[in-house]
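Peer 1: Quick one, target14.cif (mmCIF, C-alpha atoms):
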data_structure
loop_
_atom_site.label_atom_id
_atom_site.label_comp_id
_atom_site.auth_asym_id
_atom_site.auth_seq_id
_atom_site.Cartn_x
_atom_site.Cartn_y
_atom_site.Cartn_z
CA MET A 37 0.00 0.00 0.00
CA GLY A 38 1.42 3.36 -1.04
CA LYS A 39 0.93 6.67 0.70
CA LEU A 40 -2.70 7.81 0.55
CA SER A 41 -1.56 11.43 0.39
CA ASN A 42 -0.96 10.58 -3.28
CA PRO A 43 -4.37 11.31 -4.92
CA LYS A 44 -3.90 8.32 -7.28
CA GLU A 45 -3.71 5.95 -4.27
CA THR A 46 -6.78 7.54 -2.67
CA ILE A 47 -8.80 7.16 -5.89
CA GLU A 48 -7.74 3.50 -6.18
CA VAL A 49 -8.88 2.75 -2.60
CA ILE A 50 -12.21 4.53 -3.11
CA GLN A 51 -12.83 2.62 -6.36
CA LYS A 52 -11.72 -0.72 -4.92
CA TYR A 53 -14.24 -0.47 -2.09
CA GLU A 54 -16.86 1.44 -4.14
CA PHE A 55 -16.86 3.93 -1.28
CA ALA A 56 -19.58 6.60 -1.35
CA PHE A 57 -18.82 9.83 0.52
CA GLN A 58 -21.33 10.41 3.31
CA LYS A 59 -22.52 13.98 3.58
CA LYS A 60 -23.88 13.31 7.09
CA PHE A 61 -20.32 12.52 8.28
CA GLY A 62 -18.80 15.54 6.52
CA GLN A 63 -16.22 13.38 4.72
CA ASN A 64 -13.41 15.17 2.88
CA PHE A 65 -10.14 13.23 2.56
CA LEU A 66 -6.84 15.10 2.62
CA ILE A 67 -4.62 14.49 -0.42
CA ASP A 68 -1.63 16.75 0.23
CA GLY A 69 1.52 15.37 1.86
CA ARG A 70 2.89 18.82 2.70
CA VAL A 71 -0.16 19.60 4.84
CA LEU A 72 0.19 16.24 6.60
CA ASP A 73 3.85 17.00 7.36
CA LYS A 74 2.79 20.35 8.85
CA ILE A 75 0.19 18.67 11.07
CA ILE A 76 2.70 16.11 12.40
CA ALA A 77 5.27 18.87 13.06
CA ALA A 78 2.72 21.16 14.74
CA ALA A 79 1.47 18.37 17.03
CA ASN A 80 5.12 17.58 17.77
CA VAL A 81 4.48 13.85 17.46
CA GLY A 82 7.51 11.77 18.49
CA PRO A 83 8.43 8.13 19.22
CA GLU A 84 7.29 8.32 22.87
CA ASP A 85 3.81 9.64 22.05
CA PHE A 86 0.40 8.05 22.25
CA VAL A 87 -1.91 9.75 19.73
CA LEU A 88 -5.70 9.68 19.52
CA GLU A 89 -6.90 10.36 15.98
CA ILE A 90 -10.54 11.34 15.54
CA GLY A 91 -12.07 10.66 12.14
CA PRO A 92 -9.25 8.86 10.27
CA GLY A 93 -11.31 8.49 7.07
CA ILE A 94 -9.40 6.01 4.88
CA GLY A 95 -6.23 6.34 6.99
CA THR A 96 -4.31 9.07 5.14
CA MET A 97 -3.10 10.92 8.25
CA THR A 98 -3.04 7.70 10.28
CA GLN A 99 -0.19 6.40 8.09
CA TYR A 100 1.88 9.51 8.89
CA LEU A 101 1.03 9.37 12.60
CA ALA A 102 1.94 5.66 12.80
CA GLU A 103 5.38 6.38 11.36
CA HIS A 104 6.12 9.01 14.02
CA ALA A 105 4.27 7.94 17.19
CA ARG A 106 4.67 5.05 19.62
CA GLU A 107 1.00 4.13 19.28
CA VAL A 108 -2.10 5.47 17.52
CA VAL A 109 -5.76 4.79 18.29
CA ALA A 110 -8.03 5.93 15.46
CA VAL A 111 -11.73 6.36 16.28
CA GLU A 112 -14.01 6.28 13.21
CA ILE A 113 -17.83 6.59 13.31
CA ASP A 114 -18.53 5.26 9.79
CA LYS A 115 -18.57 1.46 9.88
CA LYS A 116 -18.17 1.34 6.07
CA LEU A 117 -14.66 2.75 6.52
CA ILE A 118 -13.50 0.04 8.97
CA PRO A 119 -12.60 -2.63 6.34
CA ILE A 120 -10.85 0.07 4.29
CA LEU A 121 -8.80 1.17 7.33
CA GLU A 122 -7.91 -2.44 8.12
CA ASP A 123 -6.52 -2.69 4.58
CA THR A 124 -4.74 0.70 4.31
CA LEU A 125 -3.16 0.35 7.77
CA LYS A 126 -2.33 -3.36 7.73
CA GLU A 127 1.41 -2.68 7.57
CA TYR A 128 1.36 -0.73 10.85
CA ASP A 129 1.34 -2.81 14.04
CA ASN A 130 1.08 0.25 16.32
CA VAL A 131 -2.43 1.30 15.16
CA THR A 132 -5.77 0.30 16.70
CA ILE A 133 -8.99 1.15 14.85
CA ILE A 134 -12.16 1.64 16.89
CA ASN A 135 -15.61 2.00 15.31
CA GLU A 136 -17.29 4.43 17.72
CA ASP A 137 -18.89 7.85 17.99
CA ILE A 138 -16.19 9.92 19.73
CA LEU A 139 -18.86 11.92 21.60
CA LYS A 140 -20.02 8.72 23.34
CA PHE A 141 -16.59 7.15 23.78
CA ASP A 142 -14.80 7.03 27.16
CA ILE A 143 -11.52 8.73 26.24
CA ASN A 144 -10.37 8.99 29.87
CA GLN A 145 -10.49 5.20 30.19
CA LEU A 146 -8.52 4.85 26.94
CA VAL A 147 -5.83 7.23 28.27
CA GLN A 148 -5.57 5.20 31.48
CA GLU A 149 -5.21 1.92 29.57
CA LYS A 150 -2.87 3.09 26.82
CA ASN A 151 -0.88 5.93 28.39
CA GLN A 152 -1.10 5.37 32.18
CA GLY A 153 -3.24 8.52 32.47
CA LYS A 154 -0.44 10.77 31.16
CA PRO A 155 -1.35 13.58 28.71
CA ILE A 156 -1.91 12.48 25.13
CA LYS A 157 -1.89 14.24 21.76
CA VAL A 158 -5.07 14.46 19.73
CA VAL A 159 -5.07 14.89 15.95
CA ALA A 160 -8.20 15.19 13.82
CA ASN A 161 -9.64 16.24 10.50
CA LEU A 162 -13.06 17.11 11.87
CA PRO A 163 -16.38 17.36 10.08
CA TYR A 164 -17.23 21.04 10.36
CA TYR A 165 -20.66 20.66 11.91
CA ILE A 166 -19.26 18.78 14.91
CA THR A 167 -15.97 20.61 15.54
CA THR A 168 -17.13 22.55 18.61
CA PRO A 169 -18.84 19.70 20.53
CA ILE A 170 -15.81 17.42 20.05
CA ILE A 171 -13.20 19.99 21.10
CA MET A 172 -15.24 21.26 24.05
CA GLY A 173 -16.04 17.68 25.10
CA LEU A 174 -12.31 16.88 25.28
CA PHE A 175 -11.65 19.92 27.48
CA GLU A 176 -14.75 19.79 29.68
CA ASN A 177 -14.33 16.09 30.46
CA ASN A 178 -10.81 16.81 31.73
CA VAL A 179 -9.16 14.38 29.33
CA PRO A 180 -5.39 14.58 29.97
CA ILE A 181 -4.26 16.33 26.78
CA GLU A 182 -1.01 17.97 25.81
CA ASN A 183 -2.33 19.44 22.58
CA ILE A 184 -5.11 19.07 20.02
CA THR A 185 -4.14 19.66 16.38
CA VAL A 186 -7.18 19.80 14.14
CA MET A 187 -8.21 20.62 10.62
CA VAL A 188 -11.28 22.83 10.81
CA GLN A 189 -13.19 25.31 8.69
CA LYS A 190 -11.08 28.46 8.31
CA GLU A 191 -13.67 30.71 9.96
CA VAL A 192 -13.90 28.38 12.97
CA ALA A 193 -10.11 28.51 13.39
CA ASP A 194 -10.28 32.33 13.22
CA ARG A 195 -13.04 32.35 15.82
CA MET A 196 -11.00 30.23 18.24
CA GLN A 197 -8.06 32.61 18.37
CA VAL A 198 -9.49 36.17 18.20
CA GLY A 199 -9.92 38.62 21.07
CA PRO A 200 -12.60 41.20 21.98
CA GLY A 201 -13.86 43.68 19.42
CA SER A 202 -13.79 41.39 16.37
CA LYS A 203 -16.98 40.11 14.71
CA ASP A 204 -15.53 36.57 14.97
CA TYR A 205 -15.12 36.89 18.76
CA GLY A 206 -17.66 34.86 20.68
CA ALA A 207 -18.40 32.08 23.14
CA LEU A 208 -16.14 29.64 21.27
CA SER A 209 -13.15 32.06 21.43
CA LEU A 210 -13.52 32.41 25.19
CA ALA A 211 -14.16 28.73 25.85
CA VAL A 212 -11.13 27.59 23.84
CA GLN A 213 -8.86 30.27 25.34
CA PHE A 214 -9.97 29.32 28.87
CA TYR A 215 -8.51 25.84 28.32
CA ALA A 216 -5.78 26.29 25.71
CA GLN A 217 -3.46 28.52 23.70
CA PRO A 218 -4.67 28.52 20.06
CA TYR A 219 -2.23 28.84 17.16
CA ILE A 220 -3.12 28.68 13.45
CA VAL A 221 -0.53 26.43 11.81
CA ALA A 222 -1.58 26.63 8.16
CA ASN A 223 -4.42 27.66 5.87
CA VAL A 224 -5.50 24.82 3.59
CA PRO A 225 -7.29 25.50 0.28
CA PRO A 226 -10.16 23.28 -0.96
CA ASN A 227 -8.00 21.62 -3.64
CA CYS A 228 -6.08 19.74 -0.92
CA PHE A 229 -9.14 17.55 -0.32
CA MET A 230 -11.20 14.94 -2.11
CA PRO A 231 -14.01 15.81 -2.63
CA ARG A 232 -13.32 19.55 -2.50
CA PRO A 233 -15.18 21.29 0.33
CA GLY A 234 -17.01 24.52 -0.48
CA VAL A 235 -14.95 26.50 2.06
CA GLY A 236 -11.32 27.04 3.02
CA SER A 237 -9.86 25.11 5.94
CA ALA A 238 -7.13 25.69 8.50
CA VAL A 239 -5.01 23.59 10.81
CA ILE A 240 -5.11 24.93 14.36
CA ARG A 241 -3.15 23.66 17.37
CA LEU A 242 -4.65 24.09 20.84
CA THR A 243 -1.96 23.69 23.51
CA ARG A 244 -3.55 22.90 26.87
CA HIS A 245 -2.75 25.52 29.54
CA LYS A 246 -0.63 24.09 32.37
CA GLU A 247 -2.51 26.52 34.59
CA LYS A 248 -5.79 28.12 33.60
CA PRO A 249 -5.41 31.83 32.73
CA VAL A 250 -8.21 32.77 35.15
CA GLU A 251 -9.49 31.30 38.40
CA VAL A 252 -13.23 31.50 39.02
CA LYS A 253 -15.41 30.46 41.92
CA ASP A 254 -18.01 28.85 39.62
CA GLU A 255 -16.93 27.67 36.16
CA ALA A 256 -20.47 26.65 35.21
CA LEU A 257 -21.71 30.18 35.89
CA LEU A 258 -18.81 31.70 33.93
CA PHE A 259 -19.76 29.70 30.83
CA ALA A 260 -23.48 30.35 31.34
CA LEU A 261 -22.76 34.11 31.37
CA ILE A 262 -20.56 33.84 28.27
CA ARG A 263 -23.27 31.90 26.41
CA ALA A 264 -25.93 34.40 27.51
CA ALA A 265 -23.80 37.35 26.37
CA PHE A 266 -23.29 35.96 22.87
CA ASN A 267 -26.71 34.36 22.35
CA GLN A 268 -27.97 37.93 22.18
CA ARG A 269 -24.81 39.74 21.19
CA ARG A 270 -26.54 42.93 20.04
CA LYS A 271 -28.02 43.41 23.52
CA THR A 272 -26.28 45.00 26.48
CA LEU A 273 -24.91 42.58 29.07
CA GLN A 274 -27.56 43.76 31.50
CA ASN A 275 -30.35 42.68 29.16
CA ALA A 276 -28.65 39.55 27.78
CA ILE A 277 -27.87 38.09 31.21
CA SER A 278 -31.16 39.06 32.87
CA ASN A 279 -33.09 37.46 29.95
CA ALA A 280 -31.13 34.19 30.09
CA GLY A 281 -33.13 32.45 32.81
CA LEU A 282 -30.19 32.36 35.23
CA GLY A 283 -32.10 33.99 38.07
CA ILE A 284 -29.92 37.10 37.82
CA THR A 285 -31.66 40.48 37.69
CA LYS A 286 -30.74 43.55 35.68
CA GLU A 287 -30.00 45.37 38.92
CA GLN A 288 -27.54 42.68 40.02
CA VAL A 289 -25.71 42.85 36.68
CA LEU A 290 -25.59 46.67 36.88
CA GLU A 291 -24.20 46.53 40.42
CA ALA A 292 -21.50 44.03 39.37
CA LEU A 293 -20.54 46.10 36.29
CA THR A 294 -20.31 49.25 38.40
CA LYS A 295 -18.00 47.52 40.90
CA LEU A 296 -15.76 46.45 38.02
CA ASN A 297 -15.73 49.97 36.51
CA LEU A 298 -17.43 48.72 33.35
CA SER A 299 -20.03 50.73 31.45
CA PRO A 300 -23.68 49.88 32.25
CA THR A 301 -24.36 49.70 28.49
CA ILE A 302 -21.42 47.41 27.67
CA ARG A 303 -21.95 44.37 25.45
CA GLY A 304 -20.41 40.93 25.90
CA GLU A 305 -18.22 41.28 22.81
CA ALA A 306 -16.22 44.04 24.58
CA LEU A 307 -15.19 41.87 27.56
CA ASN A 308 -12.09 39.71 27.68
CA LEU A 309 -11.81 36.42 29.59
CA LYS A 310 -10.48 38.08 32.76
CA GLU A 311 -13.40 40.54 32.80
CA PHE A 312 -15.95 37.75 32.32
CA ALA A 313 -14.29 35.85 35.19
CA ALA A 314 -14.46 38.93 37.44
CA LEU A 315 -18.12 39.48 36.51
CA SER A 316 -18.87 35.81 37.23
CA ASP A 317 -17.23 36.05 40.66
CA GLU A 318 -19.21 39.21 41.49
CA LEU A 319 -22.47 37.48 40.52
CA THR A 320 -21.53 34.22 42.33
CA THR A 321 -21.70 36.04 45.65
CA LYS A 322 -25.22 37.36 44.93
#
Output the structure of this file as C-alpha cells.
Peer 2:
Amino acid sequence: MGKLSNPKETIEVIQKYEFAFQKKFGQNFLIDGRVLDKIIAAANVGPEDFVLEIGPGIGTMTQYLAEHAREVVAVEIDKKLIPILEDTLKEYDNVTIINEDILKFDINQLVQEKNQGKPIKVVANLPYYITTPIIMGLFENNVPIENITVMVQKEVADRMQVGPGSKDYGALSLAVQFYAQPYIVANVPPNCFMPRPGVGSAVIRLTRHKEKPVEVKDEALLFALIRAAFNQRRKTLQNAISNAGLGITKEQVLEALTKLNLSPTIRGEALNLKEFAALSDELTTK
C-alpha cells in the first residue's frame, strides 16, 4: 500500500471499495503530503507519544502518525470505513482502529489503559458541523491532553483565536482560550481535499494551559454568562444576562458592572476572559 496522500492511491482505494462519501459525516479526505507534514510537526508527534486520531477516514493521516508515534488509536464513526482502514493500515502494528462515535466514547479510560493517564496528543480532520462539541467535550471532560491539532473550517479557526472587538469573537473564542493557547498552523485550500469542500480550511493547534489563565469560583456560571452574552450579542450585558433564565436580575448585573468599573451599556463582545471571570465572581456572591 502506497501513501494515501498521493491522490492516485486515494482514488484506487475509493474505487476498490466502491466507497460513497457520506454527507452526514462531513467526509473530505486530505490528499496533500505537505499539509500532513505540517500537522505532524505542529502536534510535535515523536516516538514516545500516544496519539488519539478522531475521524481517520481512509487512513491518510493515520499512516503519517503511525510512522512518528509510539501508538495510535483511530476512532471512526462510519462502519463502512472500517474494512478500508484495516486494509490501508495493515502494515502498521502500532495502530488500533475503533468504530465508535467519539462523543459517546470514554476517552479517559482509553488514556488510562494506553498511556497510564499521562497527557496524550489528539489529531483530527473534523467534520465542520461537529468541531465545537468534540473539542469542548475533550476539554470539559478533563481528558489529559497535551495538545489538540485539528483541521477545521477556516472561519472556525479564526473564531477560536481572536480577542474582543472582532466580529468573529464569541463564546467559542472564550471557551477555547480558557482551556488552551490557540495557534493557526496553516491555511489549507479546498484543492487539498477529495471531494473539494465549499470553504477554506485551517489547521489549528490548541496547547492545553498548564494553569488556567483565570481562576473562578463557579466555572459553570462563567460559561453560562458567556453563552448568555453571545446568544444575544446585540443586547447590552444587563439585558442579555437578565433574559437568560439564570435567576440574575438587571440590577444585580448593573451593580456588578459598576463595581468592576465597566459601562452599564457594555456588550459581551467588549469583555475579555479576565473581565468575564471577574463578573462571574461578582455574581456568584449574589
Peer 1: Which one of A:Ser278, A:Asn80, A:Thr168, A:Ser202 sits closest to Thr185 in chain A if you count only C-alpha atoms?
Peer 2: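 Once distances to Thr185 in chain A are computed over only C-alpha atoms, the minimum belongs to A:Asn80.
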Peer 1: To one decimal in Å, tell me the separation between CA of Phe55 in chain A and CA of Phe229 in chain A.
Peer 2: 15.7 Å
Peer 1: Once you count all atoms listed in the file, which residues end up no further than 7 Å from (-22.9, 52.1, 35.2) in the file's frame, shown as a list in words?
Peer 2: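 Taken together, the residues in range are Leu290, Leu293, Thr294, Leu298, Ser299 and Pro300 of chain A.
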Peer 1: Would you kindly return, as number ranges by chain, each protein, DNA or RNA residue with an atom no farther than 6 Å from any atom of range 148-165 of chain A, considering only C-alpha atoms and excluding same-chain residues fewer than 6 positions away?
Peer 2: A: 62, 86-90, 180-187
Peer 1: If the PyMOL selection byres ((chain A and resi 315) around 9) is run on the structure shown, which residues does it catch, given as a PyMOL selection string?
Peer 2: chain A and resi 258+261+289+292-293+296+310-314+316-320
Peer 1: Go through A:Gly82, A:Pro169, A:Glu305, A:Ile47 and flag the residue nearest Val198 in chain A, using all atoms listed in the file for the distances.
Peer 2: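 Nearest to Val198 in chain A: A:Glu305.
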Peer 1: Write out as a PDB file with C-alpha atoms, in the coordinates of the input the residues lying within 6 Å of Val109 in chain A, counting only C-alpha atoms and excluding same-chain residues fewer than 3 positions away.
Peer 2:
ATOM      1  CA  LEU A  88      -5.700   9.680  19.520  1.00  0.00           C
ATOM      2  CA  VAL A 131      -2.430   1.300  15.160  1.00  0.00           C
ATOM      3  CA  THR A 132      -5.770   0.300  16.700  1.00  0.00           C
ATOM      4  CA  ILE A 133      -8.990   1.150  14.850  1.00  0.00           C
TER       5      ILE A 133
END
Peer 1: Would you pick out the contacts of range 209-218 of chain A at 7 Å or less, using all atoms listed in the file, so that residues sharing its chain but fewer than 4 positions from it are not included, and give the list as a PyMOL selection string?
Peer 2: chain A and resi 175+195-198+205+240-245+248-249+309
Peer 1: Looking at A:Glu112, A:Glu54, A:Asp137, A:Asp204, which one is nearest to Phe266 in chain A, with distances taken over all atoms listed in the file?
Peer 2: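 Closest candidate: A:Asp204.
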Peer 1: For CA of Tyr219 in chain A and CA of Asn130 in chain A, determine how far apart the two atoms are, in Å to one decimal place.
Peer 2: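 Straight-line distance from CA of Tyr219 in chain A to CA of Asn130 in chain A works out to 28.8 Å.
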Peer 1: Between A:Gly201, A:Pro83, A:Gly93, A:Gly234, which has the minimum distance to Val108 in chain A (counting all atoms listed in the file)?
Peer 2: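 Among the listed residues, A:Pro83 lies closest to Val108 in chain A.
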Peer 1: Figure out the distance between CA of Leu146 in chain A and CA of Glu251 in chain A, please, to one decimal in Å.
Peer 2: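 Straight-line distance from CA of Glu251 in chain A to CA of Leu146 in chain A works out to 28.8 Å.
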Peer 1: Using all atoms listed in the file, which of A:Asp73, A:Asp68, A:Asp114, A:Glu127 sits nearest Thr46 in chain A?
Peer 2: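 Checking each of A:Asp73, A:Asp68, A:Asp114, A:Glu127 against Thr46 in chain A, counting all atoms listed in the file, the winner is A:Asp68.
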Peer 1: When distances are computed from all atoms listed in the file, which of A:Arg270, A:Lys39, A:Lys295, A:Lys74 shows the smallest separation from Thr96 in chain A?
Peer 2: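 Among A:Arg270, A:Lys39, A:Lys295, A:Lys74, it is A:Lys39 that comes nearest to Thr96 in chain A.
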Peer 1: Model the absent atoms of range 129-161 of chain A so that N, CA and C atoms are present, and write the result as a PDB file, keeping the file's coordinate frame.
Peer 2:
ATOM      1  N   ASP A 129       1.786  -2.019  12.886  1.00  0.00           N
ATOM      2  CA  ASP A 129       1.340  -2.810  14.040  1.00  0.00           C
ATOM      3  C   ASP A 129       1.117  -1.957  15.285  1.00  0.00           C
ATOM      4  N   ASN A 130       1.285  -0.628  15.146  1.00  0.00           N
ATOM      5  CA  ASN A 130       1.080   0.250  16.320  1.00  0.00           C
ATOM      6  C   ASN A 130      -0.205   1.063  16.202  1.00  0.00           C
ATOM      7  N   VAL A 131      -1.157   0.584  15.362  1.00  0.00           N
ATOM      8  CA  VAL A 131      -2.430   1.300  15.160  1.00  0.00           C
ATOM      9  C   VAL A 131      -3.592   0.406  15.586  1.00  0.00           C
ATOM     10  N   THR A 132      -4.511   0.982  16.360  1.00  0.00           N
ATOM     11  CA  THR A 132      -5.770   0.300  16.700  1.00  0.00           C
ATOM     12  C   THR A 132      -6.910   1.126  16.129  1.00  0.00           C
ATOM     13  N   ILE A 133      -7.833   0.453  15.438  1.00  0.00           N
ATOM     14  CA  ILE A 133      -8.990   1.150  14.850  1.00  0.00           C
ATOM     15  C   ILE A 133     -10.215   0.815  15.698  1.00  0.00           C
ATOM     16  N   ILE A 134     -10.959   1.842  16.081  1.00  0.00           N
ATOM     17  CA  ILE A 134     -12.160   1.640  16.890  1.00  0.00           C
ATOM     18  C   ILE A 134     -13.345   2.287  16.175  1.00  0.00           C
ATOM     19  N   ASN A 135     -14.402   1.484  15.968  1.00  0.00           N
ATOM     20  CA  ASN A 135     -15.610   2.000  15.310  1.00  0.00           C
ATOM     21  C   ASN A 135     -16.570   2.521  16.376  1.00  0.00           C
ATOM     22  N   GLU A 136     -16.479   3.817  16.656  1.00  0.00           N
ATOM     23  CA  GLU A 136     -17.290   4.430  17.720  1.00  0.00           C
ATOM     24  C   GLU A 136     -17.594   5.878  17.372  1.00  0.00           C
ATOM     25  N   ASP A 137     -18.612   6.416  18.040  1.00  0.00           N
ATOM     26  CA  ASP A 137     -18.890   7.850  17.990  1.00  0.00           C
ATOM     27  C   ASP A 137     -18.052   8.483  19.104  1.00  0.00           C
ATOM     28  N   ILE A 138     -17.124   9.350  18.746  1.00  0.00           N
ATOM     29  CA  ILE A 138     -16.190   9.920  19.730  1.00  0.00           C
ATOM     30  C   ILE A 138     -16.923  10.656  20.864  1.00  0.00           C
ATOM     31  N   LEU A 139     -18.113  11.186  20.570  1.00  0.00           N
ATOM     32  CA  LEU A 139     -18.860  11.920  21.600  1.00  0.00           C
ATOM     33  C   LEU A 139     -19.414  10.986  22.677  1.00  0.00           C
ATOM     34  N   LYS A 140     -19.490   9.678  22.354  1.00  0.00           N
ATOM     35  CA  LYS A 140     -20.020   8.720  23.340  1.00  0.00           C
ATOM     36  C   LYS A 140     -18.926   7.813  23.888  1.00  0.00           C
ATOM     37  N   PHE A 141     -17.710   8.052  23.464  1.00  0.00           N
ATOM     38  CA  PHE A 141     -16.590   7.150  23.780  1.00  0.00           C
ATOM     39  C   PHE A 141     -15.875   7.620  25.040  1.00  0.00           C
ATOM     40  N   ASP A 142     -15.489   6.665  25.906  1.00  0.00           N
ATOM     41  CA  ASP A 142     -14.800   7.030  27.160  1.00  0.00           C
ATOM     42  C   ASP A 142     -13.301   7.207  26.901  1.00  0.00           C
ATOM     43  N   ILE A 143     -12.924   8.451  26.589  1.00  0.00           N
ATOM     44  CA  ILE A 143     -11.520   8.730  26.240  1.00  0.00           C
ATOM     45  C   ILE A 143     -10.637   8.642  27.490  1.00  0.00           C
ATOM     46  N   ASN A 144     -11.177   9.053  28.635  1.00  0.00           N
ATOM     47  CA  ASN A 144     -10.370   8.990  29.870  1.00  0.00           C
ATOM     48  C   ASN A 144      -9.928   7.564  30.171  1.00  0.00           C
ATOM     49  N   GLN A 145     -10.835   6.614  29.949  1.00  0.00           N
ATOM     50  CA  GLN A 145     -10.490   5.200  30.190  1.00  0.00           C
ATOM     51  C   GLN A 145      -9.396   4.748  29.216  1.00  0.00           C
ATOM     52  N   LEU A 146      -9.526   5.184  27.960  1.00  0.00           N
ATOM     53  CA  LEU A 146      -8.520   4.850  26.940  1.00  0.00           C
ATOM     54  C   LEU A 146      -7.139   5.373  27.353  1.00  0.00           C
ATOM     55  N   VAL A 147      -7.106   6.615  27.863  1.00  0.00           N
ATOM     56  CA  VAL A 147      -5.830   7.230  28.270  1.00  0.00           C
ATOM     57  C   VAL A 147      -5.214   6.467  29.437  1.00  0.00           C
ATOM     58  N   GLN A 148      -6.065   6.007  30.351  1.00  0.00           N
ATOM     59  CA  GLN A 148      -5.570   5.200  31.480  1.00  0.00           C
ATOM     60  C   GLN A 148      -4.941   3.903  30.959  1.00  0.00           C
ATOM     61  N   GLU A 149      -5.666   3.228  30.065  1.00  0.00           N
ATOM     62  CA  GLU A 149      -5.210   1.920  29.570  1.00  0.00           C
ATOM     63  C   GLU A 149      -3.950   2.031  28.716  1.00  0.00           C
ATOM     64  N   LYS A 150      -3.925   3.031  27.844  1.00  0.00           N
ATOM     65  CA  LYS A 150      -2.870   3.090  26.820  1.00  0.00           C
ATOM     66  C   LYS A 150      -1.705   4.004  27.189  1.00  0.00           C
ATOM     67  N   ASN A 151      -1.942   4.956  28.111  1.00  0.00           N
ATOM     68  CA  ASN A 151      -0.880   5.930  28.390  1.00  0.00           C
ATOM     69  C   ASN A 151      -0.734   6.213  29.889  1.00  0.00           C
ATOM     70  N   GLN A 152      -1.196   5.267  30.702  1.00  0.00           N
ATOM     71  CA  GLN A 152      -1.100   5.370  32.180  1.00  0.00           C
ATOM     72  C   GLN A 152      -1.613   6.729  32.690  1.00  0.00           C
ATOM     73  N   GLY A 153      -2.632   7.264  32.014  1.00  0.00           N
ATOM     74  CA  GLY A 153      -3.240   8.520  32.470  1.00  0.00           C
ATOM     75  C   GLY A 153      -2.422   9.760  32.161  1.00  0.00           C
ATOM     76  N   LYS A 154      -1.279   9.601  31.482  1.00  0.00           N
ATOM     77  CA  LYS A 154      -0.440  10.770  31.160  1.00  0.00           C
ATOM     78  C   LYS A 154      -1.037  11.501  29.948  1.00  0.00           C
ATOM     79  N   PRO A 155      -0.746  12.812  29.802  1.00  0.00           N
ATOM     80  CA  PRO A 155      -1.350  13.580  28.710  1.00  0.00           C
ATOM     81  C   PRO A 155      -1.026  13.009  27.329  1.00  0.00           C
ATOM     82  N   ILE A 156      -2.049  13.012  26.494  1.00  0.00           N
ATOM     83  CA  ILE A 156      -1.910  12.480  25.130  1.00  0.00           C
ATOM     84  C   ILE A 156      -1.964  13.627  24.116  1.00  0.00           C
ATOM     85  N   LYS A 157      -1.719  13.275  22.857  1.00  0.00           N
ATOM     86  CA  LYS A 157      -1.890  14.240  21.760  1.00  0.00           C
ATOM     87  C   LYS A 157      -3.088  13.791  20.935  1.00  0.00           C
ATOM     88  N   VAL A 158      -3.889  14.762  20.534  1.00  0.00           N
ATOM     89  CA  VAL A 158      -5.070  14.460  19.730  1.00  0.00           C
ATOM     90  C   VAL A 158      -4.897  15.124  18.368  1.00  0.00           C
ATOM     91  N   VAL A 159      -5.156  14.364  17.313  1.00  0.00           N
ATOM     92  CA  VAL A 159      -5.070  14.890  15.950  1.00  0.00           C
ATOM     93  C   VAL A 159      -6.367  14.534  15.244  1.00  0.00           C
ATOM     94  N   ALA A 160      -6.916  15.478  14.475  1.00  0.00           N
ATOM     95  CA  ALA A 160      -8.200  15.190  13.820  1.00  0.00           C
ATOM     96  C   ALA A 160      -8.414  16.060  12.595  1.00  0.00           C
ATOM     97  N   ASN A 161      -9.126  15.481  11.632  1.00  0.00           N
ATOM     98  CA  ASN A 161      -9.640  16.240  10.500  1.00  0.00           C
ATOM     99  C   ASN A 161     -11.144  16.188  10.696  1.00  0.00           C
TER     100      ASN A 161
END
